[in-house]
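Enquirer: Please find run20.txt (compact mmCIF, C-alpha atoms and all ligand atoms) on the next line:
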# COMPACT_ATOMS: atom_id res chain seq x y z
CA MET U 1330 93.33 -42.45 -41.91
CA ARG U 1331 91.51 -44.47 -39.29
CA SER U 1332 89.51 -42.56 -36.78
CA GLY U 1333 89.61 -43.86 -33.24
CA TYR U 1334 89.69 -47.32 -31.73
CA ASP U 1335 87.09 -49.67 -30.31
CA LEU U 1336 86.92 -49.86 -26.54
CA GLU U 1337 84.63 -52.35 -24.86
CA LEU U 1338 83.83 -53.08 -21.24
CA VAL U 1339 82.69 -56.66 -20.75
CA HIS U 1340 80.94 -57.71 -17.52
CA LEU U 1341 83.21 -55.31 -15.67
CA THR U 1342 83.02 -55.43 -11.88
CA LYS U 1343 85.02 -53.70 -9.14
CA ARG U 1344 84.87 -54.65 -5.49
CA TYR U 1345 86.65 -53.03 -2.59
CA GLY U 1346 86.18 -55.56 0.21
CA SER U 1347 82.42 -55.88 0.56
CA THR U 1348 81.69 -52.66 -1.39
CA VAL U 1349 80.67 -53.21 -5.01
CA ALA U 1350 81.80 -50.01 -6.74
CA VAL U 1351 81.05 -51.21 -10.30
CA ARG U 1352 78.57 -54.03 -10.91
CA ASP U 1353 78.78 -56.09 -14.07
CA ILE U 1354 78.74 -53.25 -16.60
CA ASN U 1355 78.84 -53.77 -20.37
CA HIS U 1356 79.50 -50.96 -22.79
CA VAL U 1357 80.95 -50.33 -26.24
CA PHE U 1358 82.48 -46.87 -26.70
CA ALA U 1359 82.12 -45.61 -30.26
CA PRO U 1360 85.56 -44.98 -31.80
CA GLY U 1361 86.62 -41.36 -31.87
CA SER U 1362 83.80 -40.10 -29.67
CA TYR U 1363 83.65 -37.73 -26.73
CA VAL U 1364 82.03 -39.70 -23.93
CA CYS U 1365 81.04 -38.39 -20.52
CA LEU U 1366 80.60 -40.76 -17.59
CA LEU U 1367 78.01 -38.87 -15.59
CA GLY U 1368 76.58 -39.58 -12.18
CA PRO U 1369 76.50 -38.54 -8.54
CA SER U 1370 79.45 -38.93 -6.19
CA GLY U 1371 80.11 -42.55 -5.27
CA CYS U 1372 78.28 -44.12 -8.23
CA GLY U 1373 81.43 -45.81 -9.59
CA LYS U 1374 82.64 -43.40 -12.31
CA SER U 1375 86.23 -43.04 -11.14
CA SER U 1376 86.57 -46.75 -10.41
CA THR U 1377 85.47 -47.46 -13.99
CA LEU U 1378 87.93 -44.92 -15.37
CA ARG U 1379 90.78 -46.16 -13.20
CA MET U 1380 90.17 -49.75 -14.27
CA ILE U 1381 90.32 -48.70 -17.93
CA ALA U 1382 93.56 -46.84 -17.21
CA GLY U 1383 95.04 -49.78 -15.31
CA HIS U 1384 95.36 -47.84 -12.04
CA GLU U 1385 92.87 -50.15 -10.39
CA GLU U 1386 92.65 -53.91 -10.73
CA VAL U 1387 89.60 -55.42 -12.38
CA SER U 1388 87.69 -57.70 -9.97
CA GLU U 1389 85.78 -59.47 -12.74
CA GLY U 1390 85.25 -59.01 -16.46
CA SER U 1391 87.50 -57.45 -19.05
CA ILE U 1392 88.49 -54.33 -20.94
CA VAL U 1393 89.07 -54.80 -24.66
CA LEU U 1394 90.89 -52.05 -26.57
CA ASP U 1395 91.45 -52.30 -30.31
CA GLY U 1396 90.74 -56.02 -30.23
CA GLN U 1397 93.08 -56.80 -27.34
CA ASP U 1398 92.14 -57.68 -23.76
CA VAL U 1399 94.18 -55.10 -21.84
CA SER U 1400 92.69 -55.88 -18.39
CA SER U 1401 95.90 -57.23 -16.93
CA LEU U 1402 98.42 -54.97 -18.70
CA PRO U 1403 100.27 -52.23 -16.79
CA PRO U 1404 99.00 -48.67 -17.52
CA ALA U 1405 101.86 -47.72 -19.85
CA GLN U 1406 101.24 -50.69 -22.14
CA ARG U 1407 97.49 -50.29 -22.62
CA GLY U 1408 97.30 -47.54 -25.19
CA THR U 1409 95.41 -45.34 -22.73
CA ALA U 1410 96.51 -42.19 -20.94
CA MET U 1411 94.98 -40.49 -17.95
CA MET U 1412 94.68 -36.84 -17.09
CA PHE U 1413 94.18 -36.43 -13.36
CA GLN U 1414 91.93 -34.00 -11.55
CA ASN U 1415 94.84 -32.26 -9.78
CA TYR U 1416 97.02 -32.51 -12.93
CA ALA U 1417 99.82 -34.20 -10.88
CA LEU U 1418 102.61 -32.21 -12.56
CA PHE U 1419 106.16 -32.63 -11.25
CA PRO U 1420 106.93 -29.33 -9.48
CA HIS U 1421 110.69 -29.46 -10.04
CA LEU U 1422 110.49 -30.12 -13.80
CA SER U 1423 109.95 -27.49 -16.48
CA VAL U 1424 106.81 -27.59 -18.57
CA ARG U 1425 108.74 -29.16 -21.45
CA ASP U 1426 110.31 -31.83 -19.21
CA ASN U 1427 106.93 -32.61 -17.64
CA VAL U 1428 105.50 -33.26 -21.07
CA ALA U 1429 108.54 -35.29 -22.15
CA PHE U 1430 108.65 -37.31 -18.92
CA SER U 1431 106.99 -40.52 -20.07
CA LEU U 1432 109.17 -40.57 -23.20
CA ARG U 1433 112.24 -40.29 -20.96
CA MET U 1434 110.97 -43.30 -18.99
CA LYS U 1435 110.72 -45.18 -22.27
CA GLY U 1436 114.34 -44.38 -23.07
CA VAL U 1437 113.63 -41.95 -25.93
CA ASP U 1438 116.70 -39.72 -26.55
CA LYS U 1439 116.59 -36.10 -25.44
CA PRO U 1440 116.41 -34.29 -28.82
CA THR U 1441 113.57 -36.59 -29.97
CA ARG U 1442 111.55 -36.28 -26.78
CA HIS U 1443 111.97 -32.51 -26.65
CA LYS U 1444 110.90 -32.20 -30.25
CA ARG U 1445 107.81 -34.30 -29.52
CA ALA U 1446 107.09 -32.34 -26.31
CA ASP U 1447 107.32 -29.09 -28.26
CA GLU U 1448 104.84 -30.38 -30.84
CA LEU U 1449 102.37 -31.21 -28.08
CA LEU U 1450 102.94 -27.85 -26.38
CA ALA U 1451 102.18 -26.15 -29.69
CA LEU U 1452 98.97 -28.20 -29.93
CA VAL U 1453 97.77 -26.88 -26.56
CA ASP U 1454 99.09 -23.37 -27.25
CA MET U 1455 101.78 -23.42 -24.55
CA THR U 1456 104.98 -23.07 -26.60
CA HIS U 1457 105.84 -19.70 -25.04
CA LEU U 1458 105.82 -21.16 -21.50
CA ALA U 1459 107.85 -24.32 -22.13
CA ASP U 1460 110.69 -23.33 -19.79
CA ARG U 1461 108.51 -22.39 -16.80
CA LEU U 1462 107.93 -24.48 -13.71
CA PRO U 1463 104.35 -25.63 -12.95
CA ASP U 1464 103.87 -23.25 -10.01
CA GLN U 1465 104.54 -20.32 -12.35
CA LEU U 1466 101.41 -21.22 -14.34
CA SER U 1467 97.71 -20.46 -13.92
CA GLY U 1468 95.22 -23.29 -13.38
CA GLY U 1469 94.16 -23.29 -17.03
CA GLN U 1470 97.78 -23.36 -18.18
CA GLN U 1471 98.59 -26.24 -15.82
CA GLN U 1472 95.69 -28.12 -17.29
CA ARG U 1473 97.01 -27.64 -20.81
CA VAL U 1474 100.39 -29.01 -19.72
CA ALA U 1475 98.70 -32.02 -18.11
CA LEU U 1476 96.83 -32.62 -21.37
CA ALA U 1477 100.00 -32.38 -23.44
CA ARG U 1478 101.73 -34.74 -21.04
CA ALA U 1479 98.93 -37.30 -21.32
CA LEU U 1480 98.86 -37.04 -25.12
CA VAL U 1481 102.61 -37.36 -25.68
CA THR U 1482 102.34 -41.16 -25.56
CA GLU U 1483 99.86 -41.07 -28.47
CA PRO U 1484 97.12 -42.90 -26.58
CA LYS U 1485 94.25 -44.63 -28.35
CA VAL U 1486 91.95 -43.40 -25.60
CA LEU U 1487 92.35 -40.39 -23.31
CA LEU U 1488 90.83 -40.69 -19.83
CA LEU U 1489 89.97 -37.52 -17.94
CA ASP U 1490 88.96 -37.60 -14.27
CA GLU U 1491 86.90 -34.50 -13.42
CA PRO U 1492 89.34 -32.43 -15.53
CA LEU U 1493 87.53 -29.12 -15.09
CA SER U 1494 86.62 -29.23 -11.41
CA ALA U 1495 89.68 -27.29 -10.20
CA LEU U 1496 88.93 -24.32 -12.46
CA ASP U 1497 86.78 -21.27 -11.77
CA PRO U 1498 83.44 -21.21 -13.63
CA PHE U 1499 84.59 -18.85 -16.38
CA LEU U 1500 87.73 -20.84 -17.17
CA ARG U 1501 85.80 -24.09 -16.92
CA VAL U 1502 83.59 -23.10 -19.84
CA ARG U 1503 86.59 -21.97 -21.89
CA MET U 1504 88.58 -25.12 -21.20
CA ARG U 1505 85.69 -27.40 -22.03
CA THR U 1506 85.49 -25.76 -25.45
CA GLU U 1507 89.21 -26.42 -25.86
CA LEU U 1508 88.87 -30.05 -24.78
CA LYS U 1509 86.15 -30.65 -27.32
CA LYS U 1510 88.16 -28.98 -30.09
CA LEU U 1511 91.22 -31.03 -29.22
CA GLN U 1512 89.24 -34.27 -29.25
CA ARG U 1513 87.87 -33.44 -32.71
CA GLU U 1514 91.35 -32.66 -34.01
CA LEU U 1515 92.90 -35.83 -32.61
CA GLY U 1516 89.99 -38.11 -33.50
CA ILE U 1517 90.61 -40.39 -30.51
CA THR U 1518 88.06 -41.32 -27.86
CA PHE U 1519 87.96 -39.10 -24.79
CA ILE U 1520 86.27 -40.53 -21.70
CA HIS U 1521 85.55 -37.73 -19.29
CA VAL U 1522 84.23 -38.29 -15.77
CA THR U 1523 81.96 -35.59 -14.40
CA HIS U 1524 79.11 -35.13 -11.95
CA GLY U 1525 77.93 -32.01 -13.78
CA GLN U 1526 75.05 -32.58 -16.18
CA ASP U 1527 75.57 -29.27 -17.98
CA GLU U 1528 79.22 -30.16 -18.56
CA ALA U 1529 78.20 -33.55 -19.98
CA LEU U 1530 75.50 -32.05 -22.20
CA ALA U 1531 77.90 -29.41 -23.52
CA LEU U 1532 80.70 -31.83 -24.33
CA ALA U 1533 79.52 -35.33 -24.96
CA ASP U 1534 78.67 -37.15 -28.15
CA GLU U 1535 77.58 -39.91 -25.81
CA ILE U 1536 76.53 -39.71 -22.18
CA VAL U 1537 76.82 -42.77 -19.95
CA VAL U 1538 74.74 -42.14 -16.84
CA MET U 1539 75.84 -44.21 -13.86
CA ASN U 1540 73.94 -44.74 -10.64
CA ASP U 1541 74.74 -47.03 -7.76
CA ALA U 1542 77.48 -49.04 -9.57
CA VAL U 1543 75.55 -49.67 -12.79
CA ILE U 1544 74.93 -47.91 -16.10
CA GLU U 1545 71.44 -46.48 -15.85
CA GLN U 1546 71.28 -45.18 -19.43
CA ALA U 1547 73.71 -44.54 -22.28
CA GLY U 1548 73.15 -42.74 -25.56
CA PRO U 1549 73.66 -39.55 -27.53
CA ALA U 1550 73.47 -36.49 -25.25
CA ARG U 1551 70.29 -35.25 -26.87
CA GLU U 1552 68.57 -38.60 -26.59
CA VAL U 1553 69.42 -39.03 -22.91
CA TRP U 1554 68.15 -35.55 -22.22
CA ALA U 1555 64.98 -35.78 -24.31
CA ALA U 1556 64.06 -39.35 -23.43
CA PRO U 1557 65.29 -40.28 -19.95
CA ARG U 1558 64.58 -43.94 -19.32
CA THR U 1559 64.25 -43.82 -15.55
CA GLU U 1560 63.17 -41.41 -12.86
CA PHE U 1561 66.78 -41.21 -11.69
CA VAL U 1562 68.03 -40.08 -15.11
CA ALA U 1563 65.16 -37.62 -15.53
CA ARG U 1564 65.93 -35.98 -12.20
CA PHE U 1565 69.72 -36.09 -12.57
CA ILE U 1566 69.93 -34.75 -16.10
CA GLY U 1567 67.66 -31.82 -15.12
CA GLY U 1568 65.15 -29.75 -17.02
CA HIS U 1569 62.32 -32.23 -16.43
CA ASN U 1570 59.52 -32.73 -13.95
CA VAL U 1571 58.61 -36.21 -12.79
CA ILE U 1572 54.85 -36.39 -12.35
CA ASP U 1573 52.70 -39.25 -11.09
CA LEU U 1574 49.82 -39.54 -13.53
CA PRO U 1575 47.07 -42.17 -13.66
CA GLU U 1576 48.78 -43.69 -16.75
CA GLY U 1577 52.12 -44.03 -14.94
CA LYS U 1578 55.18 -42.02 -13.95
CA SER U 1579 56.01 -39.49 -16.65
CA THR U 1580 58.29 -36.56 -17.28
CA ILE U 1581 57.46 -33.26 -18.80
CA ARG U 1582 60.07 -30.68 -19.76
CA SER U 1583 59.98 -27.53 -17.67
CA ASP U 1584 59.90 -25.44 -20.82
CA ALA U 1585 56.85 -27.33 -22.15
CA ILE U 1586 54.60 -26.33 -19.24
CA ARG U 1587 52.14 -23.47 -19.56
CA LEU U 1588 50.04 -21.68 -16.97
CA SER U 1589 46.47 -21.81 -18.23
CA ASP U 1590 42.81 -21.85 -17.27
CA ASP U 1591 42.55 -25.59 -16.95
CA GLY U 1592 44.92 -28.43 -16.22
CA LEU U 1593 46.72 -29.72 -13.14
CA ALA U 1594 45.89 -27.62 -10.07
CA ALA U 1595 48.96 -26.25 -8.29
CA THR U 1596 50.14 -23.45 -6.02
CA ILE U 1597 53.16 -21.28 -6.79
CA THR U 1598 55.93 -21.68 -4.23
CA ALA U 1599 58.62 -19.46 -5.78
CA VAL U 1600 59.24 -17.21 -8.75
CA GLU U 1601 62.74 -16.63 -10.03
CA TYR U 1602 63.65 -14.23 -12.82
CA GLN U 1603 66.40 -15.73 -14.98
CA GLY U 1604 66.70 -13.25 -17.82
CA ALA U 1605 65.40 -14.98 -20.94
CA SER U 1606 62.98 -17.02 -18.86
CA VAL U 1607 61.22 -17.01 -15.51
CA ALA U 1608 61.37 -20.14 -13.35
CA ILE U 1609 58.12 -20.79 -11.52
CA SER U 1610 58.21 -23.44 -8.81
CA THR U 1611 54.87 -24.97 -7.98
CA ARG U 1612 53.44 -27.73 -5.81
CA THR U 1613 50.54 -29.66 -7.31
CA ASP U 1614 47.49 -30.53 -5.23
CA SER U 1615 48.68 -34.14 -5.33
CA GLY U 1616 52.04 -33.11 -3.84
CA ASP U 1617 54.46 -33.15 -6.81
CA ASP U 1618 56.95 -30.29 -7.16
CA VAL U 1619 56.73 -29.01 -10.71
CA LEU U 1620 58.95 -26.35 -12.26
CA ALA U 1621 57.69 -24.31 -15.20
CA LEU U 1622 60.11 -22.26 -17.30
CA LEU U 1623 58.20 -19.51 -19.06
CA PRO U 1624 59.63 -17.17 -21.68
CA GLU U 1625 59.96 -13.86 -19.86
CA GLU U 1626 57.58 -12.01 -22.24
CA ASP U 1627 54.85 -14.57 -21.51
CA PHE U 1628 55.34 -14.32 -17.76
CA PHE U 1629 55.20 -10.54 -17.68
CA LYS U 1630 51.96 -10.44 -19.68
CA SER U 1631 50.33 -11.87 -16.58
CA PRO U 1632 52.78 -11.89 -13.66
CA LYS U 1633 52.26 -14.31 -10.76
CA SER U 1634 53.45 -14.47 -7.18
CA PRO U 1635 54.14 -17.16 -4.59
CA GLY U 1636 50.87 -18.35 -3.04
CA ASP U 1637 48.85 -17.89 -6.28
CA ALA U 1638 46.72 -20.83 -7.37
CA VAL U 1639 47.44 -21.81 -10.99
CA ARG U 1640 46.71 -24.58 -13.46
CA LEU U 1641 49.49 -26.32 -15.35
CA SER U 1642 48.99 -27.67 -18.84
CA TRP U 1643 51.03 -29.06 -21.71
CA ASP U 1644 50.57 -30.66 -25.09
CA ASP U 1645 50.12 -34.41 -24.60
CA GLY U 1646 52.78 -35.06 -27.23
CA ARG U 1647 55.36 -33.47 -24.95
CA LEU U 1648 54.74 -35.96 -22.15
CA HIS U 1649 57.38 -38.69 -21.86
CA ARG U 1650 56.54 -41.96 -20.09
CA LEU U 1651 59.28 -43.43 -17.92
CA GLU U 1652 60.13 -47.11 -18.36
CA VAL U 1653 60.99 -47.70 -14.73
P1 LIG Z 1 82.60 -41.81 -8.17
O1 LIG Z 1 83.81 -41.61 -9.01
O2 LIG Z 1 81.35 -41.95 -8.97
O3 LIG Z 1 82.45 -40.76 -7.09
P2 LIG Z 1 84.01 -44.08 -7.05
O4 LIG Z 1 84.30 -44.99 -8.16
O5 LIG Z 1 85.10 -43.19 -6.56
O6 LIG Z 1 82.72 -43.21 -7.41
O7 LIG Z 1 83.48 -44.91 -5.80
C1 LIG Z 1 82.47 -45.91 -5.91
C2 LIG Z 1 82.30 -46.59 -4.57
O8 LIG Z 1 83.49 -47.30 -4.23
C3 LIG Z 1 82.04 -45.65 -3.42
O9 LIG Z 1 81.15 -46.30 -2.54
C4 LIG Z 1 83.40 -45.48 -2.79
O10 LIG Z 1 83.27 -45.19 -1.43
C5 LIG Z 1 84.02 -46.84 -3.01
N1 LIG Z 1 85.49 -46.75 -3.15
C6 LIG Z 1 86.16 -46.08 -4.09
N2 LIG Z 1 87.49 -46.24 -3.96
C7 LIG Z 1 87.66 -47.06 -2.89
C8 LIG Z 1 88.81 -47.63 -2.24
N3 LIG Z 1 90.04 -47.39 -2.65
N4 LIG Z 1 88.57 -48.45 -1.18
C9 LIG Z 1 87.32 -48.71 -0.75
N5 LIG Z 1 86.22 -48.21 -1.32
C10 LIG Z 1 86.37 -47.40 -2.38
Is it possible to give me this structure as structure tokens?
Expert:
Amino acid sequence: MRSGYDLELVHLTKRYGSTVAVRDINHVFAPGSYVCLLGPSGCGKSSTLRMIAGHEEVSEGSIVLDGQDVSSLPPAQRGTAMMFQNYALFPHLSVRDNVAFSLRMKGVDKPTRHKRADELLALVDMTHLADRLPDQLSGGQQQRVALARALVTEPKVLLLDEPLSALDPFLRVRMRTELKKLQRELGITFIHVTHGQDEALALADEIVVMNDAVIEQAGPAREVWAAPRTEFVARFIGGHNVIDLPEGKSTIRSDAIRLSDDGLAATITAVEYQGASVAISTRTDSGDDVLALLPEEDFFKSPKSPGDAVRLSWDDGRLHRLEV
């Protein structure tokens, strides 16, 4: 059985009047991978996703799926499917009819489309609610229906626009586990837009970090986190401190910093107990804000308070030089 399809963005650009929302991006999505497009609001994530889906025209460049340039095809003929942020379920149709809707549009007969809808509802564990209307469902259940509805067309690539943002924090964590499990089972590429770095780290095989209409860095989640290429990525992905050192701008992980007798001179600005660790905010004498995450046992051996002068040190091997 083949696993996933190739999807490639080639010199892809999107303009809205004089605004360049996506600027000449190139990317190959690994077949069958869970990819998160990550970046702050306005960086061009949704425009990229909507162009792949065919809901937005490409200004320049192309989108190649499974060897075919799909850039000018209508959404239903591309082999992609989109799950929207607000789920966009039809309020007057039952769960089963919502899922079967696109098959009805394609002229598939009723017994066949209901059978297929029921298979998808079983996949997302919603069989028992097939006859309900959308407003009789919880947020998590509506999301499962939206997923089943997107998957009923057997897409080569599933596109998800901030799929978890409408859920409360508890449900968000549960649903992201379900999304990941579903992607593994189906073996197709999921491209998931998010502005949450923890969501991207938890889900993604590959993270594509966007900033200001371009791809700033792309790679396996662990690589992007451990070796941010730019100051922007280091700050956005979190867990790092950007420090100006004589040898150049560098990052050091918050959990690699120790308070010791010698090292960079700093003053504590805040202390926050976080359970397993204690977060100590400091300001160095040269004006950088540096966060140290200490294991709680270490902190309480020699507790510190805001205003205390400290010295920050780390093993040189833990320092990561930024390229830009
Ligand atoms: P993101 O999804 O990362 O928040 P978007 O792709 O939605 O970013 O937007 C990228 C840029 O394009 C922003 O500056 C936004 O204001 C602009 N933009 C998005 N959609 C439109 C539109 N329909 N018309 C004009 N400008 C738009």
Enquirer: Could you make a table, as a Markdown table, of the residues of chain U that have an atom within 9 Å of an atom of ligand LIG 1 (chain Z), each with its nearest atom pair and distance in Å to one decimal, counting only C-alpha atoms and all ligand atoms, in chain and number order?
Expert:
| residue | atom | partner | partner_atom | distance |
| --- | --- | --- | --- | --- |
| U:Lys1343 | CA | Z:LIG1 | O8 | 8.2 |
| U:Arg1344 | CA | Z:LIG1 | O8 | 7.6 |
| U:Tyr1345 | CA | Z:LIG1 | C9 | 4.7 |
| U:Gly1346 | CA | Z:LIG1 | C9 | 7.0 |
| U:Ser1347 | CA | Z:LIG1 | N5 | 8.8 |
| U:Thr1348 | CA | Z:LIG1 | O8 | 6.3 |
| U:Val1349 | CA | Z:LIG1 | O8 | 6.6 |
| U:Ala1350 | CA | Z:LIG1 | O8 | 4.1 |
| U:Val1351 | CA | Z:LIG1 | C1 | 7.0 |
| U:Leu1366 | CA | Z:LIG1 | O2 | 8.7 |
| U:Leu1367 | CA | Z:LIG1 | O2 | 8.0 |
| U:Gly1368 | CA | Z:LIG1 | O2 | 6.2 |
| U:Pro1369 | CA | Z:LIG1 | O2 | 5.9 |
| U:Ser1370 | CA | Z:LIG1 | O3 | 3.6 |
| U:Gly1371 | CA | Z:LIG1 | O6 | 3.4 |
| U:Cys1372 | CA | Z:LIG1 | O2 | 3.8 |
| U:Gly1373 | CA | Z:LIG1 | O4 | 3.3 |
| U:Lys1374 | CA | Z:LIG1 | O2 | 3.9 |
| U:Ser1375 | CA | Z:LIG1 | O1 | 3.5 |
| U:Ser1376 | CA | Z:LIG1 | O4 | 3.6 |
| U:Thr1377 | CA | Z:LIG1 | O4 | 6.4 |
| U:Leu1378 | CA | Z:LIG1 | O4 | 8.1 |
| U:Arg1379 | CA | Z:LIG1 | O4 | 8.3 |
| U:Glu1385 | CA | Z:LIG1 | N3 | 8.7 |
| U:Asp1490 | CA | Z:LIG1 | O1 | 8.4 |
| U:Glu1491 | CA | Z:LIG1 | O1 | 8.9 |
| U:Val1522 | CA | Z:LIG1 | O1 | 7.5 |
| U:Thr1523 | CA | Z:LIG1 | O1 | 8.3 |
| U:His1524 | CA | Z:LIG1 | O2 | 7.8 |
| U:Met1539 | CA | Z:LIG1 | O2 | 7.7 |
| U:Asn1540 | CA | Z:LIG1 | O2 | 8.1 |
| U:Asp1541 | CA | Z:LIG1 | C1 | 8.0 |
| U:Ala1542 | CA | Z:LIG1 | C1 | 6.9 |
Enquirer: Would you list the residues near (64.8, -18.1, -14.0), meaning any protein, DNA or RNA residue with an atom at most 12 Å from that point in file coordinates, counting all atoms listed in the file, as number ranges by chain?
Expert: U: 1583-1584, 1599-1610, 1620-1625, 1628
Enquirer: Would you compute the box with edges along x, y and z of the file around segment 1533-1545 of chain U, including every atom the file lists for it and 5 Å extra on each side, and give its centre and edge lengths in Å to one decimal, as JSON?
Expert:
{"center_x": 75.5, "center_y": -42.5, "center_z": -18.0, "size_x": 18.1, "size_y": 24.3, "size_z": 30.4}
Enquirer: In the coordinate frame of the file, compute which residues have an atom within 12 Å of (89.2, -46.4, -26.9) when using only C-alpha atoms, and state them as JSON, numbers by chain.
Expert: {"U": [1332, 1333, 1334, 1335, 1336, 1337, 1338, 1356, 1357, 1358, 1359, 1360, 1361, 1362, 1363, 1364, 1378, 1381, 1382, 1392, 1393, 1394, 1395, 1396, 1397, 1399, 1407, 1408, 1409, 1410, 1484, 1485, 1486, 1487, 1488, 1516, 1517, 1518, 1519, 1520]}
Enquirer: Enter the distance from atom CA of Phe1561 of chain U to atom CA of Asp1527 of chain U, in Å, rounded to one decimal.
Expert: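 Atom CA of Asp1527 of chain U lies 16.1 Å from atom CA of Phe1561 of chain U.
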Enquirer: One decimal, in Å: what's the spacing between atom CA of Phe1430 of chain U and atom CA of Asn1415 of chain U?
Expert: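 Computed distance, atom CA of Phe1430 of chain U to atom CA of Asn1415 of chain U, equals 17.3 Å.
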Enquirer: For each of U:Phe1629, U:Trp1643, U:Phe1499, U:Trp1554, take the minimum atom-to-atom distance to Val1538 of chain U, counting all atoms listed in the file, then give the residue where this is smallest.
Expert: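 Under the stated criterion, the closest residue is U:Trp1554.
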Enquirer: Could you list, as a list in words, every residue within 8 Å of Arg1478 of chain U, counting all atoms listed in the file and ignoring same-chain residues fewer than 3 positions away?
Expert: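 The neighbour list is Asn1427, Val1428, Ala1429, Phe1430, Ser1431, Ala1446, Leu1449, Val1474, Ala1475, Val1481 and Thr1482 of chain U.
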Enquirer: Generate N, CA and C atoms for segment 1617-1633 of chain U and emit them as a PDB file, keeping the file's coordinate frame.
Expert:
ATOM      1  N   ASP U1617      53.239 -33.155  -6.002  1.00  0.00           N
ATOM      2  CA  ASP U1617      54.460 -33.150  -6.810  1.00  0.00           C
ATOM      3  C   ASP U1617      55.003 -31.723  -6.939  1.00  0.00           C
ATOM      4  N   ASP U1618      56.330 -31.585  -6.869  1.00  0.00           N
ATOM      5  CA  ASP U1618      56.950 -30.290  -7.160  1.00  0.00           C
ATOM      6  C   ASP U1618      57.162 -30.195  -8.660  1.00  0.00           C
ATOM      7  N   VAL U1619      56.626 -29.157  -9.257  1.00  0.00           N
ATOM      8  CA  VAL U1619      56.730 -29.010 -10.710  1.00  0.00           C
ATOM      9  C   VAL U1619      57.292 -27.630 -11.030  1.00  0.00           C
ATOM     10  N   LEU U1620      58.325 -27.618 -11.864  1.00  0.00           N
ATOM     11  CA  LEU U1620      58.950 -26.350 -12.260  1.00  0.00           C
ATOM     12  C   LEU U1620      58.518 -26.010 -13.686  1.00  0.00           C
ATOM     13  N   ALA U1621      58.053 -24.791 -13.858  1.00  0.00           N
ATOM     14  CA  ALA U1621      57.690 -24.310 -15.200  1.00  0.00           C
ATOM     15  C   ALA U1621      58.661 -23.207 -15.587  1.00  0.00           C
ATOM     16  N   LEU U1622      59.229 -23.319 -16.789  1.00  0.00           N
ATOM     17  CA  LEU U1622      60.110 -22.260 -17.300  1.00  0.00           C
ATOM     18  C   LEU U1622      59.338 -21.511 -18.370  1.00  0.00           C
ATOM     19  N   LEU U1623      58.972 -20.266 -18.080  1.00  0.00           N
ATOM     20  CA  LEU U1623      58.200 -19.510 -19.060  1.00  0.00           C
ATOM     21  C   LEU U1623      59.099 -18.472 -19.733  1.00  0.00           C
ATOM     22  N   PRO U1624      58.906 -18.277 -21.044  1.00  0.00           N
ATOM     23  CA  PRO U1624      59.630 -17.170 -21.680  1.00  0.00           C
ATOM     24  C   PRO U1624      59.269 -15.879 -20.935  1.00  0.00           C
ATOM     25  N   GLU U1625      60.239 -15.004 -20.726  1.00  0.00           N
ATOM     26  CA  GLU U1625      59.960 -13.860 -19.860  1.00  0.00           C
ATOM     27  C   GLU U1625      58.833 -12.968 -20.365  1.00  0.00           C
ATOM     28  N   GLU U1626      58.683 -12.848 -21.736  1.00  0.00           N
ATOM     29  CA  GLU U1626      57.580 -12.010 -22.240  1.00  0.00           C
ATOM     30  C   GLU U1626      56.234 -12.589 -21.810  1.00  0.00           C
ATOM     31  N   ASP U1627      56.115 -13.933 -21.887  1.00  0.00           N
ATOM     32  CA  ASP U1627      54.850 -14.570 -21.510  1.00  0.00           C
ATOM     33  C   ASP U1627      54.530 -14.323 -20.039  1.00  0.00           C
ATOM     34  N   PHE U1628      55.565 -14.483 -19.198  1.00  0.00           N
ATOM     35  CA  PHE U1628      55.340 -14.320 -17.760  1.00  0.00           C
ATOM     36  C   PHE U1628      54.848 -12.905 -17.452  1.00  0.00           C
ATOM     37  N   PHE U1629      55.526 -11.909 -18.066  1.00  0.00           N
ATOM     38  CA  PHE U1629      55.200 -10.540 -17.680  1.00  0.00           C
ATOM     39  C   PHE U1629      53.906 -10.017 -18.283  1.00  0.00           C
ATOM     40  N   LYS U1630      53.312 -10.793 -19.214  1.00  0.00           N
ATOM     41  CA  LYS U1630      51.960 -10.440 -19.680  1.00  0.00           C
ATOM     42  C   LYS U1630      50.965 -10.614 -18.544  1.00  0.00           C
ATOM     43  N   SER U1631      51.258 -11.586 -17.676  1.00  0.00           N
ATOM     44  CA  SER U1631      50.330 -11.870 -16.580  1.00  0.00           C
ATOM     45  C   SER U1631      51.139 -12.399 -15.387  1.00  0.00           C
ATOM     46  N   PRO U1632      51.858 -11.482 -14.717  1.00  0.00           N
ATOM     47  CA  PRO U1632      52.780 -11.890 -13.660  1.00  0.00           C
ATOM     48  C   PRO U1632      52.079 -12.617 -12.511  1.00  0.00           C
ATOM     49  N   LYS U1633      52.813 -13.534 -11.875  1.00  0.00           N
ATOM     50  CA  LYS U1633      52.260 -14.310 -10.760  1.00  0.00           C
ATOM     51  C   LYS U1633      53.199 -14.212  -9.563  1.00  0.00           C
TER      52      LYS U1633
END
